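Colleague: My file is data23.txt. It has compact mmCIF, C-alpha atoms:
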# COMPACT_ATOMS: atom_id res chain seq x y z
CA MET A 1 234.60 69.42 37.73
CA GLU A 2 235.43 72.65 35.94
CA SER A 3 234.02 75.86 37.30
CA ASN A 4 231.60 77.90 35.21
CA ALA A 5 234.23 80.60 34.86
CA GLU A 6 236.63 78.04 33.36
CA LYS A 7 233.94 76.90 30.92
CA LEU A 8 233.30 80.48 29.87
CA ARG A 9 237.00 81.11 29.34
CA GLY A 10 237.72 77.92 27.45
CA LEU A 11 234.91 78.25 24.96
CA THR A 12 234.99 81.76 23.65
CA ILE A 13 236.58 84.79 25.24
CA THR A 14 240.28 85.56 25.11
CA SER A 15 242.49 86.96 27.82
CA LEU A 16 243.86 90.48 27.54
CA ASP A 17 247.42 89.22 27.93
CA GLU A 18 247.24 86.15 25.76
CA GLU A 19 248.99 86.01 22.40
CA ASP A 20 247.13 84.72 19.35
CA ASP A 21 246.74 80.95 19.25
CA GLU A 22 248.46 80.45 22.59
CA PRO A 23 246.76 78.26 25.21
CA GLU A 24 245.54 80.07 28.27
CA LEU A 25 247.37 79.68 31.53
CA PRO A 26 245.65 78.28 34.62
CA HIS A 27 244.10 81.01 36.69
CA ARG A 28 245.07 82.01 40.17
CA SER A 29 242.61 82.12 43.03
CA PRO A 30 240.91 85.51 43.25
CA PRO A 31 241.06 87.68 46.35
CA ALA A 32 238.13 88.22 48.68
CA SER A 33 234.92 88.98 46.88
CA GLY A 34 233.45 91.85 48.90
CA GLY A 35 230.06 93.07 47.77
CA ALA A 36 226.81 92.87 49.63
CA GLY A 37 228.24 90.51 52.21
CA TYR A 38 231.12 92.79 53.24
CA GLU A 39 230.08 92.80 56.89
CA ASP A 40 230.95 89.13 57.27
CA ASP A 41 234.32 89.24 55.51
CA ASP A 42 236.26 88.94 58.74
CA GLU A 43 233.95 86.33 60.25
CA GLU A 44 233.51 83.88 57.42
CA GLU A 45 236.29 81.99 55.66
CA GLU A 46 234.22 80.27 53.03
CA GLU A 47 235.87 79.60 49.71
CA GLU A 48 235.58 82.64 47.48
CA ALA A 49 233.96 82.41 44.08
CA GLU A 50 236.09 82.98 40.99
CA VAL A 51 235.27 86.30 39.39
CA THR A 52 235.92 86.89 35.71
CA LEU A 53 236.42 90.49 34.67
CA GLY A 54 235.47 91.84 31.26
CA PHE A 55 237.43 94.56 29.44
CA LEU A 56 236.73 96.28 26.15
CA GLU A 57 239.04 96.17 23.16
CA LYS A 58 238.56 97.39 19.64
CA PRO A 59 238.04 94.25 17.54
CA LYS A 60 241.10 93.17 15.56
CA HIS A 61 238.77 92.34 12.70
CA PRO A 62 234.99 92.99 12.49
CA GLY A 63 234.47 89.48 11.14
CA LEU A 64 235.44 88.06 14.52
CA LEU A 65 232.18 89.36 16.01
CA LEU A 66 229.76 87.61 13.66
CA ARG A 67 227.15 85.31 15.19
CA HIS A 68 228.57 81.99 13.92
CA LEU A 69 231.78 82.68 15.88
CA PHE A 70 229.82 83.07 19.14
CA PRO A 71 231.31 86.39 20.24
CA SER A 72 231.13 88.33 23.47
CA LYS A 73 230.84 91.99 22.57
CA ALA A 74 229.55 95.40 23.61
CA GLY A 75 227.98 98.10 21.48
CA GLY A 76 227.20 97.96 17.79
CA ILE A 77 224.39 95.55 16.99
CA PRO A 78 223.68 92.12 18.51
CA ALA A 79 225.04 88.95 16.97
CA TRP A 80 221.83 86.99 17.58
CA LEU A 81 222.36 83.36 18.58
CA ASP A 82 218.99 82.29 17.21
CA PRO A 83 218.93 84.55 14.14
CA VAL A 84 215.32 83.79 13.20
CA ASN A 85 213.08 83.85 16.27
CA LEU A 86 214.03 87.28 17.66
CA PRO A 87 212.24 88.98 20.55
CA SER A 88 209.15 90.73 19.27
CA GLY A 89 206.32 92.99 20.33
CA ASN A 90 206.60 94.86 23.61
CA SER A 91 209.53 92.74 24.78
CA ARG A 92 211.87 94.74 22.54
CA CYS A 93 210.61 98.13 23.74
CA CYS A 94 211.13 100.27 26.83
CA GLY A 95 208.26 99.75 29.24
CA PHE A 96 208.07 103.49 29.96
CA CYS A 97 208.57 105.46 26.75
CA GLY A 98 207.71 102.61 24.38
CA GLU A 99 210.76 103.16 22.16
CA PRO A 100 212.84 100.22 20.84
CA LEU A 101 215.66 99.34 23.25
CA GLN A 102 219.31 99.85 22.34
CA PHE A 103 221.83 97.00 22.40
CA VAL A 104 224.33 97.16 25.29
CA LEU A 105 226.29 93.89 25.27
CA GLN A 106 226.18 90.13 24.93
CA ILE A 107 228.07 87.39 26.76
CA TYR A 108 228.65 83.92 25.37
CA ALA A 109 228.29 81.72 28.47
CA PRO A 110 227.56 78.05 27.70
CA ILE A 111 226.95 75.54 30.49
CA GLU A 112 228.97 72.39 29.95
CA ASP A 113 226.79 69.95 31.91
CA ASN A 114 223.55 71.16 30.30
CA ALA A 115 223.06 69.70 26.82
CA ALA A 116 220.39 72.26 26.01
CA SER A 117 222.90 75.05 26.74
CA PHE A 118 225.79 73.87 24.57
CA HIS A 119 225.52 77.33 23.03
CA ARG A 120 224.23 80.01 25.40
CA THR A 121 224.34 83.79 25.10
CA LEU A 122 223.00 86.53 27.35
CA PHE A 123 221.91 89.78 25.67
CA MET A 124 221.43 93.10 27.48
CA PHE A 125 219.40 96.00 26.08
CA MET A 126 218.63 99.40 27.55
CA CYS A 127 216.64 102.53 26.86
CA PRO A 128 219.14 105.41 26.45
CA SER A 129 216.87 107.71 28.49
CA MET A 130 218.01 108.40 32.06
CA ALA A 131 214.44 109.36 32.94
CA CYS A 132 213.33 105.83 32.05
CA LEU A 133 216.21 104.28 34.03
CA LEU A 134 215.17 106.26 37.11
CA ARG A 135 211.62 104.95 36.76
CA ASP A 136 212.97 101.43 36.22
CA GLN A 137 214.96 101.60 39.44
CA HIS A 138 211.77 102.59 41.26
CA ASP A 139 209.47 100.03 39.63
CA GLN A 140 211.81 97.03 40.05
CA TRP A 141 210.66 96.78 43.68
CA LYS A 142 207.09 96.12 42.49
CA HIS A 143 207.63 92.73 40.82
CA ARG A 144 205.57 90.97 43.50
CA GLN A 145 202.62 93.14 42.51
CA GLY A 146 202.79 91.98 38.90
CA ASN A 147 205.07 92.49 35.94
CA PRO A 148 206.75 95.88 36.40
CA CYS A 149 207.74 98.05 33.44
CA ARG A 150 211.45 97.84 32.61
CA SER A 151 213.89 99.99 30.66
CA VAL A 152 216.69 97.41 31.07
CA LYS A 153 216.07 93.95 29.66
CA VAL A 154 218.22 90.83 29.48
CA PHE A 155 217.45 87.89 27.22
CA ARG A 156 218.88 84.37 27.44
CA CYS A 157 219.13 82.28 24.29
CA GLN A 158 220.49 78.74 24.22
CA LEU A 159 220.87 75.95 21.69
CA PRO A 160 221.94 72.29 21.79
CA ARG A 161 225.05 71.25 19.89
CA SER A 162 222.94 69.93 17.03
CA ASN A 163 220.75 72.77 15.79
CA ALA A 164 219.44 74.34 12.60
CA PHE A 165 221.71 77.37 12.66
CA TYR A 166 225.31 76.24 13.22
CA SER A 167 227.65 73.34 12.56
CA SER A 168 228.12 70.87 15.39
CA GLU A 169 231.87 71.30 14.95
CA PRO A 170 233.67 74.24 16.58
CA PRO A 171 234.64 77.23 14.40
CA LYS A 172 238.00 76.90 12.61
CA HIS A 173 238.58 80.67 12.50
CA ASN A 174 240.10 80.40 9.03
CA ASP A 175 237.44 82.29 7.04
CA SER A 176 235.70 79.02 6.19
CA ASP A 177 233.18 79.33 9.02
CA LYS A 178 229.66 80.04 7.84
CA PRO A 179 226.22 79.88 9.48
CA LEU A 180 223.92 77.15 8.16
CA CYS A 181 221.09 79.54 7.31
CA PRO A 182 220.40 83.26 6.97
CA GLY A 183 218.82 85.25 9.76
CA ALA A 184 215.57 87.15 9.83
CA PRO A 185 215.62 90.54 8.07
CA VAL A 186 216.28 93.31 10.59
CA CYS A 187 215.38 96.97 10.82
CA HIS A 188 217.29 99.09 8.30
CA TRP A 189 217.55 101.92 10.81
CA CYS A 190 218.78 100.27 14.03
CA GLY A 191 220.01 96.93 12.65
CA THR A 192 218.89 95.27 15.88
CA TRP A 193 215.26 94.14 15.92
CA LYS A 194 213.30 92.13 13.37
CA GLY A 195 212.08 94.25 10.48
CA ASP A 196 208.45 93.18 10.45
CA LYS A 197 207.24 96.47 8.93
CA ILE A 198 207.92 97.10 5.23
CA CYS A 199 208.13 100.40 3.38
CA SER A 200 204.84 100.73 1.50
CA SER A 201 206.54 102.37 -1.48
CA CYS A 202 209.69 100.39 -2.32
CA LYS A 203 208.61 97.18 -0.55
CA LYS A 204 212.26 96.54 0.33
CA ALA A 205 213.22 98.61 3.38
CA ARG A 206 212.22 97.02 6.69
CA TYR A 207 211.68 98.48 10.13
CA CYS A 208 211.01 97.40 13.69
CA SER A 209 208.84 100.41 14.49
CA GLU A 210 207.08 103.37 12.95
CA LYS A 211 209.54 105.73 14.61
CA HIS A 212 212.54 104.06 12.98
CA GLN A 213 210.75 104.11 9.63
CA THR A 214 210.19 107.85 10.03
CA LEU A 215 213.80 108.48 11.05
CA HIS A 216 215.11 106.47 8.10
CA TRP A 217 212.81 108.34 5.70
CA ARG A 218 214.01 111.72 6.95
CA SER A 219 217.67 110.70 6.88
CA GLY A 220 217.69 109.81 3.20
CA HIS A 221 215.41 106.92 2.40
CA LYS A 222 212.99 109.34 0.77
CA SER A 223 215.38 109.69 -2.18
CA ASP A 224 216.66 106.09 -1.95
CA CYS A 225 213.10 104.84 -2.14
CA LEU A 226 212.63 106.43 -5.58
CA GLN A 227 215.78 104.67 -6.83
CA LEU A 228 214.54 101.36 -5.53
CA ILE A 229 211.17 101.77 -7.17
CA SER A 230 212.78 102.52 -10.54
CA SER A 231 215.28 99.65 -10.21
CA SER A 232 214.39 95.99 -10.44
CA GLU A 233 217.05 95.14 -7.88
CA ALA A 234 218.07 96.99 -4.76
CA SER A 235 221.44 98.69 -5.05
CA SER A 236 224.00 97.41 -2.59
CA SER A 237 224.99 101.02 -1.90
CA ILE A 238 221.56 101.99 -0.63
CA PHE A 239 221.25 99.60 2.30
CA PRO A 240 223.97 98.88 4.86
CA ALA A 241 225.70 95.54 4.69
CA VAL A 242 224.60 92.75 7.00
CA GLY A 243 226.05 93.31 10.46
CA LYS A 244 226.56 97.04 9.85
CA VAL A 245 224.63 100.04 11.13
CA PRO A 246 225.60 103.72 11.10
CA ALA A 247 227.66 104.56 14.17
CA SER A 248 225.25 107.32 15.17
CA LYS A 249 222.49 104.74 15.68
CA SER A 250 224.36 102.59 18.20
CA TRP A 251 227.05 102.72 20.84
CA PRO A 252 230.64 102.05 19.67
CA GLU A 253 231.40 98.38 19.09
CA TYR A 254 234.00 96.53 21.17
CA GLU A 255 235.12 92.99 21.74
CA ILE A 256 234.97 91.77 25.34
CA ALA A 257 238.25 90.29 26.53
CA ILE A 258 238.59 88.70 29.95
CA ASP A 259 240.98 88.06 32.77
CA TYR A 260 240.50 86.62 36.23
CA GLU A 261 240.27 89.04 39.12
CA GLY A 262 242.90 86.94 40.88
CA ALA A 263 245.41 88.07 38.26
CA PHE A 264 245.27 91.56 39.74
CA ASP A 265 247.17 91.58 43.03
CA SER A 266 245.67 94.12 45.40
CA ASP A 267 249.09 94.65 46.99
CA SER A 268 250.43 95.93 43.68
CA CYS A 269 247.91 98.77 43.51
CA ASP A 270 249.58 102.09 44.32
CA GLU A 271 248.18 104.25 47.08
CA SER A 272 246.52 106.82 44.83
CA ASN A 273 244.91 104.14 42.72
CA SER A 274 243.51 102.29 45.72
CA LYS A 275 241.63 105.41 46.76
CA SER A 276 239.87 106.09 43.48
CA LEU A 277 237.09 104.27 41.72
CA VAL A 278 238.70 104.62 38.32
CA MET A 279 241.95 106.08 37.04
CA GLN A 280 241.66 109.84 37.11
CA ARG A 281 243.62 112.50 35.33
CA PRO A 282 246.82 113.56 37.15
CA GLY A 283 246.39 116.22 39.78
CA LYS A 284 244.33 116.82 42.88
CA PRO A 285 240.55 116.28 42.98
CA ASP A 286 238.57 119.37 42.07
CA ASP A 287 236.53 121.17 44.74
CA MET A 288 233.31 119.38 43.86
CA MET A 289 234.93 115.95 44.04
CA GLN A 290 236.74 116.78 47.31
CA SER A 291 233.50 118.01 48.87
CA TRP A 292 231.72 114.86 47.77
CA MET A 293 234.49 112.66 49.24
CA ASP A 294 234.41 114.57 52.54
CA GLN A 295 230.64 114.17 52.82
CA PHE A 296 230.92 110.49 52.11
CA GLU A 297 233.14 109.94 55.16
CA ALA A 298 230.08 110.32 57.36
CA ASP A 299 227.64 108.55 55.09
CA ALA A 300 225.99 105.31 56.20
CA ASP A 301 227.01 103.72 52.91
CA ASN A 302 230.69 104.48 53.45
CA LYS A 303 231.75 100.95 54.35
CA CYS A 304 230.08 99.41 51.32
CA TRP A 305 231.43 102.15 49.07
CA ALA A 306 234.95 101.68 50.41
CA SER A 307 234.75 97.95 49.68
CA PHE A 308 233.47 98.62 46.16
CA GLN A 309 236.09 101.30 45.59
CA GLU A 310 239.01 99.15 46.77
CA ARG A 311 237.86 96.14 44.78
CA VAL A 312 237.43 98.02 41.51
CA SER A 313 240.72 99.91 41.95
CA ARG A 314 242.61 96.64 41.44
CA SER A 315 241.52 96.70 37.82
CA PRO A 316 239.96 100.09 37.06
CA LYS A 317 239.06 99.43 33.42
CA GLN A 318 236.70 96.54 34.13
CA VAL A 319 233.24 96.98 32.61
CA LEU A 320 231.88 93.54 33.46
CA ARG A 321 232.03 91.09 36.37
CA TYR A 322 230.94 87.50 35.71
CA CYS A 323 230.56 84.57 38.08
CA ARG A 324 227.93 81.84 38.11
CA GLU A 325 229.38 79.87 41.03
CA GLU A 326 227.07 78.72 43.81
CA ASN A 327 228.51 81.20 46.33
CA ALA A 328 228.89 84.13 43.94
CA LYS A 329 227.73 87.55 45.14
CA PRO A 330 227.35 90.87 43.33
CA LEU A 331 229.71 93.72 44.15
CA TRP A 332 227.38 96.47 45.36
CA ALA A 333 228.46 100.11 45.36
CA LEU A 334 226.05 101.06 48.14
CA SER A 335 224.20 99.22 50.86
CA ALA A 336 221.08 101.24 50.09
CA GLY A 337 219.09 99.87 47.19
CA CYS A 338 220.39 96.30 47.45
CA PRO A 339 217.73 93.63 46.99
CA SER A 340 216.97 90.99 49.59
CA ASN A 341 216.44 87.37 48.56
CA ALA A 342 212.72 88.05 48.62
CA ASP A 343 213.16 90.85 46.10
CA ILE A 344 214.60 88.49 43.47
CA PRO A 345 211.71 86.82 41.61
CA SER A 346 211.48 83.24 40.39
CA CYS A 347 212.11 82.29 36.78
CA SER A 348 209.16 83.43 34.68
CA TYR A 349 209.22 80.19 32.68
CA CYS A 350 209.98 77.26 35.02
CA ARG A 351 209.25 79.03 38.35
CA GLY A 352 212.64 77.87 39.62
CA PRO A 353 215.07 80.15 41.50
CA LEU A 354 217.26 82.76 39.85
CA CYS A 355 220.97 83.14 40.60
CA TYR A 356 223.45 85.97 40.18
CA GLU A 357 225.43 85.68 36.94
CA PHE A 358 226.97 89.01 35.97
CA GLN A 359 226.93 92.76 36.45
CA ILE A 360 227.96 95.76 34.38
CA MET A 361 230.03 98.59 35.80
CA PRO A 362 229.79 102.38 35.32
CA GLN A 363 233.07 102.42 33.38
CA LEU A 364 231.11 101.12 30.39
CA LEU A 365 229.62 104.61 30.03
CA TYR A 366 233.08 106.03 29.34
CA TYR A 367 233.70 103.64 26.46
CA PHE A 368 230.27 104.36 25.03
CA GLY A 369 231.05 108.07 25.01
CA VAL A 370 228.13 109.00 27.25
CA LYS A 371 228.40 112.71 28.03
CA ASN A 372 228.15 114.37 31.42
CA GLU A 373 224.78 116.02 31.01
CA PRO A 374 221.80 116.19 33.40
CA ASP A 375 219.81 113.65 31.39
CA SER A 376 222.72 111.35 30.49
CA LEU A 377 222.70 107.70 31.48
CA ASP A 378 224.43 106.88 34.76
CA TRP A 379 224.40 103.95 37.16
CA ALA A 380 226.37 102.47 40.05
CA THR A 381 225.94 98.92 38.76
CA ILE A 382 223.33 96.79 37.01
CA VAL A 383 223.19 93.21 38.29
CA VAL A 384 221.70 90.35 36.28
CA TYR A 385 220.06 87.24 37.73
CA THR A 386 219.32 84.26 35.48
CA CYS A 387 217.47 80.98 35.82
CA LYS A 388 219.62 78.73 38.03
CA GLY A 389 218.69 75.67 35.96
CA SER A 390 218.94 77.58 32.67
CA CYS A 391 215.59 76.09 31.78
CA ASP A 392 214.82 75.08 28.22
CA GLN A 393 211.27 76.26 27.61
CA ASN A 394 209.63 76.70 24.23
CA VAL A 395 210.81 80.31 23.90
CA SER A 396 213.93 81.26 21.95
CA TYR A 397 214.71 84.40 23.96
CA LYS A 398 213.78 84.18 27.63
CA GLU A 399 213.74 87.41 29.59
CA GLU A 400 215.82 87.33 32.77
CA PHE A 401 215.90 89.77 35.70
CA ALA A 402 218.10 92.86 36.05
CA TRP A 403 218.49 94.92 39.22
CA VAL A 404 219.47 98.57 38.79
CA GLN A 405 221.46 100.34 41.50
CA LEU A 406 221.83 104.10 41.03
CA TYR A 407 223.88 106.61 42.96
CA PRO A 408 222.10 108.86 45.46
CA THR A 409 220.68 112.04 43.95
CA THR A 410 223.57 114.12 45.26
CA THR A 411 226.16 111.94 43.51
CA THR A 412 224.34 110.95 40.32
CA SER A 413 226.70 112.77 37.98
CA ILE A 414 229.99 112.11 39.77
CA ILE A 415 231.12 108.97 37.94
CA ALA A 416 230.35 110.46 34.52
CA MET A 417 232.70 113.33 35.43
CA ILE A 418 235.67 111.04 36.08
CA GLN A 419 237.90 110.60 33.04
CA TYR A 420 240.63 108.04 32.41
Let's see the structure in the file written out as C-alpha cells.

Modeller:
Amino acid sequence: MESNAEKLRGLTITSLDEEDDEPELPHRSPPASGGAGYEDDDEEEEEEAEVTLGFLEKPKHPGLLLRHLFPSKAGGIPAWLDPVNLPSGNSRCCGFCGEPLQFVLQIYAPIEDNAASFHRTLFMFMCPSMACLLRDQHDQWKHRQGNPCRSVKVFRCQLPRSNAFYSSEPPKHNDSDKPLCPGAPVCHWCGTWKGDKICSSCKKARYCSEKHQTLHWRSGHKSDCLQLISSSEASSSIFPAVGKVPASKSWPEYEIAIDYEGAFDSDSCDESNSKSLVMQRPGKPDDMMQSWMDQFEADADNKCWASFQERVSRSPKQVLRYCREENAKPLWALSAGCPSNADIPSCSYCRGPLCYEFQIMPQLLYYFGVKNEPDSLDWATIVVYTCKGSCDQNVSYKEEFAWVQLYPTTTTSIIAMIQY
C-alpha cells in the first residue's frame, strides 16, 4: 500500500528538481527522524517515517494556484476547497485581539483509502501579533479546562470525488479547467473571509468585519463608493479581480514545492552548514550570536537543539515538514514546551484521536519578510495534529489542533536575525 507521503506527492505537489511534465522518481528512504524521541535514537531501530519537506517558489503562473487546480501554497489569499461554506463568526478571528486571522498556508493532502477525503486541504491562519502568539503558547496547555483562545488556527476541508464544486475528472492543466460554480463573495479588503457585511452606501463592497470596512473606506473606497453609486454597474477597475488582494494586506504568495528528506544526504553537508540552523551570510558569527551559542552549550535543551539543528541543516530552506505515517514524530527545537500525549486533545467532532501531520518552520518568516523587531512574529516550530480518521462530520471546515513552540525569552529574536 502506498504511504501517505506518496499519495501527497502523486496528487498535487511537484518536486523542486523535476522538469515540467516529467514523472517523479521513486524516493529514497529518509535518514533518522530525530525530534522529540531523540533520546531513544541509539536504542530503537524501528522503521523511520518518510518525511516530505516543503520549499517555497515563486509561482510560474498565478493561474496555477487557483482552487480548481488544488494547489499547495503559502501567503497571498486562500484557495478555498469548499468555496461556499467558509469558516464564519469567531472561528475566523484571533481569540485574543478579536481581529480577523491572516492566511499562512494550505496543503493539499488527500487520503487515498478514504472516499470522503478524495480532495482534502489543510488551511493554516495566524494573527500577525506576537503578543497574541505568546498568549496562545500559554493558553494551549489549558485545553482540558475548556476551549482555550487561539491565535493560530488550522482548518481541514475535504470532499468526495463527486461533489458540487469540481469535476470528477482530474485537471488537464491546459487552461480548460474551470470550477463548477462560483464561490461566496469575500471581503474586498483582505480577500480571505466571507464578505457578509455590505457597504450601506454602494451596496456592492463586502467585508468580513467592521475593521476591514473602515480600513477599505480610508484607503480609497470613500471616493470609489461615489462612483459606484452614480454608475449602474461596478467598474472592474474599482474592485480587485477574483483571487487578487493588494500585497500590503497579505504575506507574499508562493507555491509549495516538495522533496523527500531522504534526498538530502547528511554526509554531503559541509562542516559549517551542519553547525548552523539556516544558511548564514559569510563570515564569523557576531558577538551576540557567539555569546548565545556559548550559553547554549550548558543549556538543558542542548541535546534536542543539536538534533534539530543537524536535521534542518541538511536542507536549510525547508519551511514545512509533512508526514502522516503511523510512527511519524514532530521535529522539536527544544525539549521544554513539548506536549505529552495527554496534552493532545481528541477530535472535537468525532472524539477520536488526533495524529501528527505537519509542522511549519521558522524559515517561513524570512520568506514572508517579517522584520526583526521586538513585536515581530517568531517561533521555533508550530506543529499541527489532525483527526486520525479524518472524520466526515457535517461541517465544511473542521478546526484541528496546533501546538506552538517558542524560543526561550533570551533567544526569541535570534532566528529572525539570521539571514540567508

Colleague: When you count all atoms listed in the file, which of these residues is closest to Glu326 in chain A: A:Cys355, A:Ile258, A:Cys199, A:Leu365?

Modeller: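 The answer is A:Cys355, which sits nearest to Glu326 in chain A.
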
Colleague: From the options A:Glu57, A:Asp82, A:Asp378, A:Glu47, which residue's atoms come nearest to Lys398 in chain A, counting all atoms listed in the file?

Modeller: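 Of the candidates, the smallest distance to Lys398 in chain A is held by A:Asp82.
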
Colleague: What would the list of residues within 9 Å of (218.3, 71.0, 23.3) (file frame) look like as a list in words, if all atoms listed in the file are what count?

Modeller: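 Here is the list of nearby residues: Asn114, Ala115, Ala116, Ser117, Phe118, Gln158, Leu159, Pro160, Arg161, Ser162, Asn163 and Asp392 of chain A.
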
Colleague: Mind dumping the selected residues with C-alpha atoms as a tab-separated table (two decimals), keeping the file's coordinate frame?

Modeller:
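The file below, out.tsv, is the result:
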chain	number	residue	atom	x	y	z
A	114	ASN	CA	223.55	71.16	30.30
A	115	ALA	CA	223.06	69.70	26.82
A	116	ALA	CA	220.39	72.26	26.01
A	117	SER	CA	222.90	75.05	26.74
A	118	PHE	CA	225.79	73.87	24.57
A	158	GLN	CA	220.49	78.74	24.22
A	159	LEU	CA	220.87	75.95	21.69
A	160	PRO	CA	221.94	72.29	21.79
A	161	ARG	CA	225.05	71.25	19.89
A	162	SER	CA	222.94	69.93	17.03
A	163	ASN	CA	220.75	72.77	15.79
A	392	ASP	CA	214.82	75.08	28.22

Colleague: Which of these, A:Leu101, A:Ala184, A:Ala131, A:Ala164, has the shortest distance to Trp80 in chain A once you count all atoms listed in the file?

Modeller: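 Result for the nearest residue to Trp80 in chain A: A:Ala184.
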
Colleague: Tell me, in Å to one decimal, how far CA of Lys73 in chain A is from CA of Cys338 in chain A.

Modeller: 27.3 Å

Colleague: Using only C-alpha atoms, pick whichever of A:Ile198, A:Ala109, A:Cys208, A:Cys127 has the shortest atom-to-atom distance to Gly89 in chain A.

Modeller: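 Closest residue, counting only C-alpha atoms: A:Cys208.
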
Colleague: What is the distance between CA of Pro374 in chain A and CA of Arg150 in chain A, in Å to one decimal?

Modeller: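 CA of Arg150 in chain A lies at a distance of 21.1 Å from CA of Pro374 in chain A.
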
Colleague: One decimal, in Å: what's the spacing between CA of Pro353 in chain A and CA of Phe155 in chain A?

Modeller: 16.4 Å

Colleague: For Arg324 in chain A, which residue out of A:Val154, A:Cys347, A:Val51, A:Met124 is the nearest one, using only C-alpha atoms?

Modeller: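 Comparing A:Val154, A:Cys347, A:Val51, A:Met124 against Arg324 in chain A, the winner is A:Val51.
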
Colleague: Might you pull out every residue within 9 Å of Ala205 in chain A, with all atoms listed in the file counted and same-chain residues fewer than 3 positions away left off, and present them as a compact mmCIF listing (two decimals) with C-alpha atoms, in the coordinates of the input?

Modeller:
# COMPACT_ATOMS: atom_id res chain seq x y z
CA CYS A 187 215.38 96.97 10.82
CA HIS A 188 217.29 99.09 8.30
CA GLY A 195 212.08 94.25 10.48
CA LYS A 197 207.24 96.47 8.93
CA ILE A 198 207.92 97.10 5.23
CA CYS A 199 208.13 100.40 3.38
CA SER A 200 204.84 100.73 1.50
CA CYS A 202 209.69 100.39 -2.32
CA GLN A 213 210.75 104.11 9.63
CA HIS A 221 215.41 106.92 2.40
CA CYS A 225 213.10 104.84 -2.14
CA PHE A 239 221.25 99.60 2.30
